[in-house]
$ cat query_9.pdb   # PDB, C-alpha atoms, pLDDT in the B column
ATOM      1  CA  MET A   1      32.472 188.844 112.597  1.00 72.00           C
ATOM      2  CA  PRO A   2      31.859 191.311 115.422  1.00 81.00           C
ATOM      3  CA  ILE A   3      30.140 194.585 114.559  1.00 91.00           C
ATOM      4  CA  PRO A   4      32.801 197.339 114.485  1.00 93.00           C
ATOM      5  CA  ASN A   5      32.441 200.858 115.834  1.00 94.00           C
ATOM      6  CA  ASN A   6      30.355 203.155 113.627  1.00 95.00           C
ATOM      7  CA  ALA A   7      28.770 200.226 111.770  1.00 96.00           C
ATOM      8  CA  LEU A   8      25.269 200.792 110.438  1.00 97.00           C
ATOM      9  CA  VAL A   9      22.567 198.392 111.616  1.00 96.00           C
ATOM     10  CA  LEU A  10      19.299 198.045 109.696  1.00 96.00           C
ATOM     11  CA  VAL A  11      16.357 196.369 111.423  1.00 96.00           C
ATOM     12  CA  ILE A  12      13.458 196.035 109.015  1.00 95.00           C
ATOM     13  CA  ASP A  13      10.238 194.207 108.306  1.00 91.00           C
ATOM     14  CA  GLY A  14       7.323 194.926 105.970  1.00 84.00           C
ATOM     15  CA  ARG A  15       6.079 197.840 108.116  1.00 88.00           C
ATOM     16  CA  LYS A  16       9.015 199.302 110.030  1.00 92.00           C
ATOM     17  CA  MET A  17      12.520 200.431 109.133  1.00 93.00           C
ATOM     18  CA  LEU A  18      15.057 201.266 111.869  1.00 95.00           C
ATOM     19  CA  PHE A  19      18.611 202.489 111.324  1.00 96.00           C
ATOM     20  CA  PHE A  20      21.046 202.292 114.218  1.00 97.00           C
ATOM     21  CA  ARG A  21      24.698 203.232 114.536  1.00 97.00           C
ATOM     22  CA  ASN A  22      27.049 201.216 116.756  1.00 96.00           C
ATOM     23  CA  HIS A  23      28.708 203.663 119.148  1.00 96.00           C
ATOM     24  CA  GLY A  24      30.393 200.811 120.972  1.00 93.00           C
ATOM     25  CA  ASP A  25      33.211 198.621 119.782  1.00 86.00           C
ATOM     26  CA  GLN A  26      33.591 195.018 118.660  1.00 81.00           C
ATOM     27  CA  ASN A  27      33.382 193.773 122.241  1.00 84.00           C
ATOM     28  CA  GLN A  28      30.453 195.881 123.442  1.00 91.00           C
ATOM     29  CA  ILE A  29      27.674 196.893 121.073  1.00 94.00           C
ATOM     30  CA  ASP A  30      26.015 200.219 121.862  1.00 95.00           C
ATOM     31  CA  LEU A  31      23.267 200.941 119.327  1.00 96.00           C
ATOM     32  CA  ARG A  32      21.903 204.460 118.963  1.00 96.00           C
ATOM     33  CA  THR A  33      18.889 205.236 116.822  1.00 95.00           C
ATOM     34  CA  GLU A  34      19.842 207.174 113.720  1.00 93.00           C
ATOM     35  CA  ALA A  35      16.554 207.080 111.786  1.00 90.00           C
ATOM     36  CA  HIS A  36      13.256 205.263 111.830  1.00 88.00           C
ATOM     37  CA  ASP A  37      10.225 205.090 109.629  1.00 88.00           C
ATOM     38  CA  GLU A  38       6.977 203.204 109.780  1.00 86.00           C
ATOM     39  CA  ARG A  39       4.323 202.834 107.150  1.00 76.00           C
ATOM     40  CA  GLU A  40       0.654 202.404 107.788  1.00 75.00           C
ATOM     41  CA  ASP A  41      -1.023 199.251 106.564  1.00 63.00           C
ATOM     42  CA  ALA A  42      -3.223 200.093 103.637  1.00 56.00           C
ATOM     43  CA  ASP A  43      -6.767 198.755 103.593  1.00 57.00           C
ATOM     44  CA  PHE A  44      -6.946 198.925  99.832  1.00 55.00           C
ATOM     45  CA  ASP A  45      -7.100 195.146  99.339  1.00 55.00           C
ATOM     46  CA  ARG A  46     -10.884 195.105  99.640  1.00 58.00           C
ATOM     47  CA  GLU A  47     -11.380 197.498  96.763  1.00 50.00           C
ATOM     48  CA  LEU A  48      -8.902 195.716  94.521  1.00 49.00           C
ATOM     49  CA  LYS A  49     -10.170 192.205  95.211  1.00 57.00           C
ATOM     50  CA  THR A  50     -13.833 192.598  94.273  1.00 52.00           C
ATOM     51  CA  ASP A  51     -13.815 190.010  91.502  1.00 55.00           C
ATOM     52  CA  ALA A  52     -13.465 186.272  91.758  1.00 56.00           C
ATOM     53  CA  GLN A  53     -10.155 184.592  91.203  1.00 58.00           C
ATOM     54  CA  GLY A  54      -9.105 184.275  87.553  1.00 57.00           C
ATOM     55  CA  ALA A  55      -9.073 181.009  85.634  1.00 57.00           C
ATOM     56  CA  ALA A  56      -7.254 179.775  82.555  1.00 59.00           C
ATOM     57  CA  SER A  57      -8.145 176.981  80.157  1.00 57.00           C
ATOM     58  CA  THR A  58      -5.905 173.947  80.220  1.00 56.00           C
ATOM     59  CA  SER A  59      -4.581 172.387  77.062  1.00 59.00           C
ATOM     60  CA  ALA A  60      -5.291 168.856  78.265  1.00 62.00           C
ATOM     61  CA  GLY A  61      -8.011 167.384  80.422  1.00 60.00           C
ATOM     62  CA  PHE A  62     -11.197 168.833  81.756  1.00 62.00           C
ATOM     63  CA  GLY A  63     -11.853 171.921  83.808  1.00 59.00           C
ATOM     64  CA  ARG A  64      -9.887 175.059  84.288  1.00 57.00           C
ATOM     65  CA  ASP A  65      -6.815 175.883  86.305  1.00 58.00           C
ATOM     66  CA  SER A  66      -7.348 178.496  88.943  1.00 60.00           C
ATOM     67  CA  MET A  67      -4.889 181.408  88.994  1.00 64.00           C
ATOM     68  CA  GLU A  68      -3.403 182.518  92.256  1.00 68.00           C
ATOM     69  CA  GLU A  69      -4.719 185.852  93.466  1.00 68.00           C
ATOM     70  CA  THR A  70      -2.239 188.706  93.810  1.00 74.00           C
ATOM     71  CA  ASP A  71      -1.318 189.448  97.411  1.00 79.00           C
ATOM     72  CA  PHE A  72      -1.385 193.247  97.338  1.00 83.00           C
ATOM     73  CA  LYS A  73      -0.365 193.536 100.979  1.00 85.00           C
ATOM     74  CA  GLN A  74       2.763 191.440 100.372  1.00 85.00           C
ATOM     75  CA  GLN A  75       3.482 193.483  97.259  1.00 89.00           C
ATOM     76  CA  ASP A  76       3.272 196.676  99.336  1.00 88.00           C
ATOM     77  CA  GLU A  77       5.616 195.238 101.981  1.00 89.00           C
ATOM     78  CA  ASP A  78       8.103 194.165  99.298  1.00 91.00           C
ATOM     79  CA  ASN A  79       8.101 197.680  97.842  1.00 92.00           C
ATOM     80  CA  TRP A  80       8.780 199.062 101.337  1.00 90.00           C
ATOM     81  CA  VAL A  81      11.826 196.785 101.680  1.00 94.00           C
ATOM     82  CA  LYS A  82      13.044 197.750  98.191  1.00 95.00           C
ATOM     83  CA  GLU A  83      12.805 201.379  99.299  1.00 93.00           C
ATOM     84  CA  ALA A  84      15.162 200.546 102.176  1.00 94.00           C
ATOM     85  CA  ALA A  85      17.580 198.943  99.699  1.00 96.00           C
ATOM     86  CA  GLU A  86      17.528 202.147  97.647  1.00 96.00           C
ATOM     87  CA  ASN A  87      18.193 204.173 100.818  1.00 95.00           C
ATOM     88  CA  LEU A  88      21.186 201.927 101.579  1.00 96.00           C
ATOM     89  CA  ARG A  89      22.473 202.333  98.007  1.00 97.00           C
ATOM     90  CA  LYS A  90      22.422 206.123  98.291  1.00 97.00           C
ATOM     91  CA  ARG A  91      24.145 206.013 101.670  1.00 96.00           C
ATOM     92  CA  ALA A  92      26.818 203.589 100.461  1.00 96.00           C
ATOM     93  CA  LEU A  93      27.605 205.731  97.434  1.00 96.00           C
ATOM     94  CA  ARG A  94      27.995 208.728  99.798  1.00 96.00           C
ATOM     95  CA  ASN A  95      30.353 206.578 101.942  1.00 96.00           C
ATOM     96  CA  ASP A  96      28.051 207.011 104.922  1.00 96.00           C
ATOM     97  CA  PHE A  97      28.993 203.584 106.302  1.00 96.00           C
ATOM     98  CA  ASP A  98      31.746 200.992 105.925  1.00 96.00           C
ATOM     99  CA  HIS A  99      30.054 198.074 107.673  1.00 97.00           C
ATOM    100  CA  LEU A 100      26.410 196.986 107.682  1.00 97.00           C
ATOM    101  CA  CYS A 101      24.449 194.543 109.790  1.00 96.00           C
ATOM    102  CA  ILE A 102      20.944 193.580 108.635  1.00 97.00           C
ATOM    103  CA  VAL A 103      18.258 192.103 110.882  1.00 97.00           C
ATOM    104  CA  ALA A 104      15.063 191.083 109.077  1.00 96.00           C
ATOM    105  CA  PRO A 105      12.457 188.293 108.918  1.00 95.00           C
ATOM    106  CA  PRO A 106      12.843 185.706 106.114  1.00 94.00           C
ATOM    107  CA  LYS A 107      10.596 187.272 103.449  1.00 94.00           C
ATOM    108  CA  ALA A 108      11.930 190.784 103.968  1.00 94.00           C
ATOM    109  CA  LEU A 109      15.526 189.527 104.016  1.00 95.00           C
ATOM    110  CA  GLY A 110      14.993 187.678 100.726  1.00 94.00           C
ATOM    111  CA  VAL A 111      13.557 190.754  99.007  1.00 95.00           C
ATOM    112  CA  LEU A 112      16.290 192.956 100.467  1.00 95.00           C
ATOM    113  CA  ARG A 113      19.117 190.665  99.332  1.00 95.00           C
ATOM    114  CA  LYS A 114      17.784 190.664  95.764  1.00 95.00           C
ATOM    115  CA  SER A 115      17.563 194.466  95.787  1.00 96.00           C
ATOM    116  CA  LEU A 116      20.937 195.364  97.309  1.00 96.00           C
ATOM    117  CA  HIS A 117      23.399 197.327  95.208  1.00 96.00           C
ATOM    118  CA  LYS A 118      26.886 195.801  94.815  1.00 96.00           C
ATOM    119  CA  GLU A 119      28.422 198.623  96.899  1.00 96.00           C
ATOM    120  CA  VAL A 120      26.062 197.769  99.757  1.00 96.00           C
ATOM    121  CA  GLU A 121      26.693 194.017  99.405  1.00 96.00           C
ATOM    122  CA  LYS A 122      30.441 194.604  99.880  1.00 96.00           C
ATOM    123  CA  ARG A 123      29.791 196.261 103.235  1.00 97.00           C
ATOM    124  CA  VAL A 124      27.472 193.636 104.756  1.00 96.00           C
ATOM    125  CA  VAL A 125      29.261 191.984 107.668  1.00 95.00           C
ATOM    126  CA  CYS A 126      26.274 190.288 109.279  1.00 94.00           C
ATOM    127  CA  THR A 127      22.731 189.248 108.338  1.00 95.00           C
ATOM    128  CA  ILE A 128      20.350 187.891 110.925  1.00 95.00           C
ATOM    129  CA  ASN A 129      17.166 186.169 109.870  1.00 95.00           C
ATOM    130  CA  LYS A 130      14.806 187.243 112.651  1.00 94.00           C
ATOM    131  CA  GLU A 131      11.854 189.594 113.259  1.00 94.00           C
ATOM    132  CA  MET A 132      13.095 192.271 115.683  1.00 94.00           C
ATOM    133  CA  SER A 133      11.535 195.570 114.562  1.00 90.00           C
ATOM    134  CA  GLY A 134       9.138 195.693 117.499  1.00 90.00           C
ATOM    135  CA  ARG A 135      11.725 194.802 120.132  1.00 94.00           C
ATOM    136  CA  PRO A 136      13.656 197.172 122.432  1.00 95.00           C
ATOM    137  CA  ILE A 137      17.234 198.116 121.600  1.00 96.00           C
ATOM    138  CA  PRO A 138      18.836 195.947 124.350  1.00 96.00           C
ATOM    139  CA  ASP A 139      17.163 192.859 122.814  1.00 96.00           C
ATOM    140  CA  ILE A 140      18.525 193.772 119.373  1.00 96.00           C
ATOM    141  CA  GLU A 141      22.004 194.324 120.834  1.00 95.00           C
ATOM    142  CA  ALA A 142      21.858 190.954 122.620  1.00 95.00           C
ATOM    143  CA  LEU A 143      20.760 189.181 119.432  1.00 95.00           C
ATOM    144  CA  ILE A 144      23.555 190.731 117.365  1.00 94.00           C
ATOM    145  CA  THR A 145      26.121 189.919 120.066  1.00 93.00           C
ATOM    146  CA  SER A 146      25.007 186.290 120.313  1.00 92.00           C
ATOM    147  CA  GLU A 147      24.863 185.833 116.521  1.00 90.00           C
ATOM    148  CA  THR A 148      28.268 187.375 115.875  1.00 85.00           C
ATOM    149  CA  LYS A 149      29.895 185.432 118.728  1.00 80.00           C
ATOM    150  CA  ALA A 150      28.400 182.168 117.389  1.00 71.00           C
ATOM    151  CA  ASN A 151      29.925 182.849 113.953  1.00 67.00           C
ATOM    152  CA  GLU A 152      33.412 183.640 115.289  1.00 64.00           C
ATOM    153  CA  PRO A 153      36.065 180.971 114.759  1.00 58.00           C
ATOM    154  CA  ALA A 154      36.953 179.118 117.945  1.00 54.00           C
ATOM    155  CA  ASP A 155      40.280 179.946 119.590  1.00 53.00           C
ATOM    156  CA  VAL A 156      42.767 177.170 118.956  1.00 48.00           C
TER
END
$ encode --input "query_9.pdb" --output "structure tokens"
Amino acid sequence: MPIPNNALVLVIDGRKMLFFRNHGDQNQIDLRTEAHDEREDADFDRELKTDAQGAASTSAGFGRDSMEETDFKQQDEDNWVKEAAENLRKRALRNDFDHLCIVAPPKALGVLRKSLHKEVEKRVVCTINKEMSGRPIPDIEALITSETKANEPADV
């Protein structure tokens, strides 16, 4: 489905969140930056990971099973994406947008989908599984145009 006029476009990854508004129409996307935010990568992993990996006794056999270490950086990125989902929820409940397009890399998109409010889910017209937060606006517009055209039904 083409992105209609005034649709909200969210481009996000674990560090950057960009909100655009489509000032064009369904035939010509014209994205304008509405809001952006970027978080700094925390270097707190070193302090939190001073001990060796945990281990648990097994009920059968010899040895011990090693426990997977918590990825604090990934946890921080997931919380960032959940924050964006909360932002979208508030905006949807204020009727700030009718249509939403989401562009995000696989991990961020998975976390975002799980966190979306039902009012936001109803308004999603397009999701694109791609890392684009560091790209210029014309590249984002071209990606959205190509993805929405590819998903359109063929003229019969």
$ resolve_selection --input "query_9.pdb" --expression "the PyMOL selection byres ((chain A and resi 88) around 10)" --output "PyMOL selection string"
chain A and resi 8+10+82-87+89-94+96-97+100+116-117+119-121
$ write_last_selection --input "query_9.pdb" --atoms "C-alpha atoms" --output "compact mmCIF listing (two decimals), in the coordinates of the input"
# COMPACT_ATOMS: atom_id res chain seq x y z
CA LEU A 8 25.27 200.79 110.44
CA LEU A 10 19.30 198.04 109.70
CA LYS A 82 13.04 197.75 98.19
CA GLU A 83 12.80 201.38 99.30
CA ALA A 84 15.16 200.55 102.18
CA ALA A 85 17.58 198.94 99.70
CA GLU A 86 17.53 202.15 97.65
CA ASN A 87 18.19 204.17 100.82
CA ARG A 89 22.47 202.33 98.01
CA LYS A 90 22.42 206.12 98.29
CA ARG A 91 24.14 206.01 101.67
CA ALA A 92 26.82 203.59 100.46
CA LEU A 93 27.60 205.73 97.43
CA ARG A 94 28.00 208.73 99.80
CA ASP A 96 28.05 207.01 104.92
CA PHE A 97 28.99 203.58 106.30
CA LEU A 100 26.41 196.99 107.68
CA LEU A 116 20.94 195.36 97.31
CA HIS A 117 23.40 197.33 95.21
CA GLU A 119 28.42 198.62 96.90
CA VAL A 120 26.06 197.77 99.76
CA GLU A 121 26.69 194.02 99.40
$ atom_distance --input "query_9.pdb" --atom1 "CA of Phe72 in chain A" --atom2 "CA of Leu18 in chain A"
23.4 Å
$ atom_distance --input "query_9.pdb" --atom1 "CA of Gly14 in chain A" --atom2 "CA of Glu131 in chain A"
10.1 Å
$ atom_distance --input "query_9.pdb" --atom1 "CA of Ala35 in chain A" --atom2 "CA of Asp98 in chain A"
17.4 Å
$ resolve_selection --input "query_9.pdb" --expression "the PyMOL selection byres ((chain A and resi 128) around 8)" --output "ChimeraX atom specification"
/A:101-104,126-127,129-130,144,147
$ closest_residue --input "query_9.pdb" --among "A:Lys16, A:Lys107, A:Lys149, A:His36" --to "Ile3 in chain A" --atoms "only C-alpha atoms"
A:Lys149
$ resolve_selection --input "query_9.pdb" --expression "the PyMOL selection byres ((chain A and resi 133) around 7)" --output "mmCIF file with C-alpha atoms, in the coordinates of the input"
data_model
loop_
_atom_site.group_PDB
_atom_site.id
_atom_site.type_symbol
_atom_site.label_atom_id
_atom_site.label_comp_id
_atom_site.auth_asym_id
_atom_site.auth_seq_id
_atom_site.Cartn_x
_atom_site.Cartn_y
_atom_site.Cartn_z
ATOM 1 C CA VAL A 11 16.357 196.369 111.423
ATOM 2 C CA ILE A 12 13.458 196.035 109.015
ATOM 3 C CA ASP A 13 10.238 194.207 108.306
ATOM 4 C CA LYS A 16 9.015 199.302 110.030
ATOM 5 C CA GLU A 131 11.854 189.594 113.259
ATOM 6 C CA MET A 132 13.095 192.271 115.683
ATOM 7 C CA GLY A 134 9.138 195.693 117.499
ATOM 8 C CA ARG A 135 11.725 194.802 120.132
#
$ closest_residue --input "query_9.pdb" --among "A:His99, A:Pro138, A:Phe19, A:Gln74" --to "Val124 in chain A" --atoms "all atoms listed in the file"
A:His99
$ closest_residue --input "query_9.pdb" --among "A:Asp76, A:Asp71, A:Arg21, A:Leu109" --to "Glu40 in chain A" --atoms "only C-alpha atoms"
A:Asp76
$ closest_residue --input "query_9.pdb" --among "A:Glu38, A:Asn22, A:Pro4, A:Leu31" --to "Pro136 in chain A" --atoms "only C-alpha atoms"
A:Leu31
$ closest_residue --input "query_9.pdb" --among "A:Leu112, A:Leu143, A:Val81, A:Val125" --to "Ala7 in chain A" --atoms "all atoms listed in the file"
A:Val125
$ closest_residue --input "query_9.pdb" --among "A:Pro105, A:Asn95, A:Val111, A:Ile137" --to "Asp78 in chain A" --atoms "all atoms listed in the file"
A:Val111
$ build_atoms --input "query_9.pdb" --residues "range 131-149 of chain A" --atoms "N, CA and C atoms" --output "CSV table (one decimal), in the frame of the given file"
chain,number,residue,atom,x,y,z
A,131,GLU,N,12.8,188.4,113.1
A,131,GLU,CA,11.9,189.6,113.3
A,131,GLU,C,12.2,190.3,114.6
A,132,MET,N,12.7,191.5,114.5
A,132,MET,CA,13.1,192.3,115.7
A,132,MET,C,12.6,193.7,115.7
A,133,SER,N,11.9,194.1,114.7
A,133,SER,CA,11.5,195.6,114.6
A,133,SER,C,10.7,196.1,115.7
A,134,GLY,N,10.0,195.2,116.4
A,134,GLY,CA,9.1,195.7,117.5
A,134,GLY,C,9.8,195.5,118.9
A,135,ARG,N,11.0,195.1,118.9
A,135,ARG,CA,11.7,194.8,120.1
A,135,ARG,C,12.5,196.0,120.6
A,136,PRO,N,12.8,196.1,121.9
A,136,PRO,CA,13.7,197.2,122.4
A,136,PRO,C,15.1,197.0,122.0
A,137,ILE,N,15.8,198.1,122.0
A,137,ILE,CA,17.2,198.1,121.6
A,137,ILE,C,18.1,197.1,122.3
A,138,PRO,N,18.0,196.9,123.7
A,138,PRO,CA,18.8,195.9,124.4
A,138,PRO,C,18.6,194.5,123.8
A,139,ASP,N,17.4,194.2,123.4
A,139,ASP,CA,17.2,192.9,122.8
A,139,ASP,C,17.9,192.7,121.5
A,140,ILE,N,17.9,193.8,120.7
A,140,ILE,CA,18.5,193.8,119.4
A,140,ILE,C,20.0,193.6,119.6
A,141,GLU,N,20.6,194.4,120.5
A,141,GLU,CA,22.0,194.3,120.8
A,141,GLU,C,22.4,192.9,121.3
A,142,ALA,N,21.6,192.3,122.1
A,142,ALA,CA,21.9,191.0,122.6
A,142,ALA,C,21.8,189.9,121.5
A,143,LEU,N,20.9,190.1,120.6
A,143,LEU,CA,20.8,189.2,119.4
A,143,LEU,C,22.0,189.3,118.5
A,144,ILE,N,22.4,190.5,118.2
A,144,ILE,CA,23.6,190.7,117.4
A,144,ILE,C,24.8,190.2,118.0
A,145,THR,N,25.0,190.4,119.3
A,145,THR,CA,26.1,189.9,120.1
A,145,THR,C,26.2,188.4,120.0
A,146,SER,N,25.0,187.8,120.3
A,146,SER,CA,25.0,186.3,120.3
A,146,SER,C,25.2,185.7,118.9
A,147,GLU,N,24.7,186.3,117.9
A,147,GLU,CA,24.9,185.8,116.5
A,147,GLU,C,26.3,186.0,116.0
A,148,THR,N,26.9,187.1,116.3
A,148,THR,CA,28.3,187.4,115.9
A,148,THR,C,29.3,186.5,116.7
A,149,LYS,N,29.0,186.3,117.9
A,149,LYS,CA,29.9,185.4,118.7
A,149,LYS,C,29.8,184.0,118.2
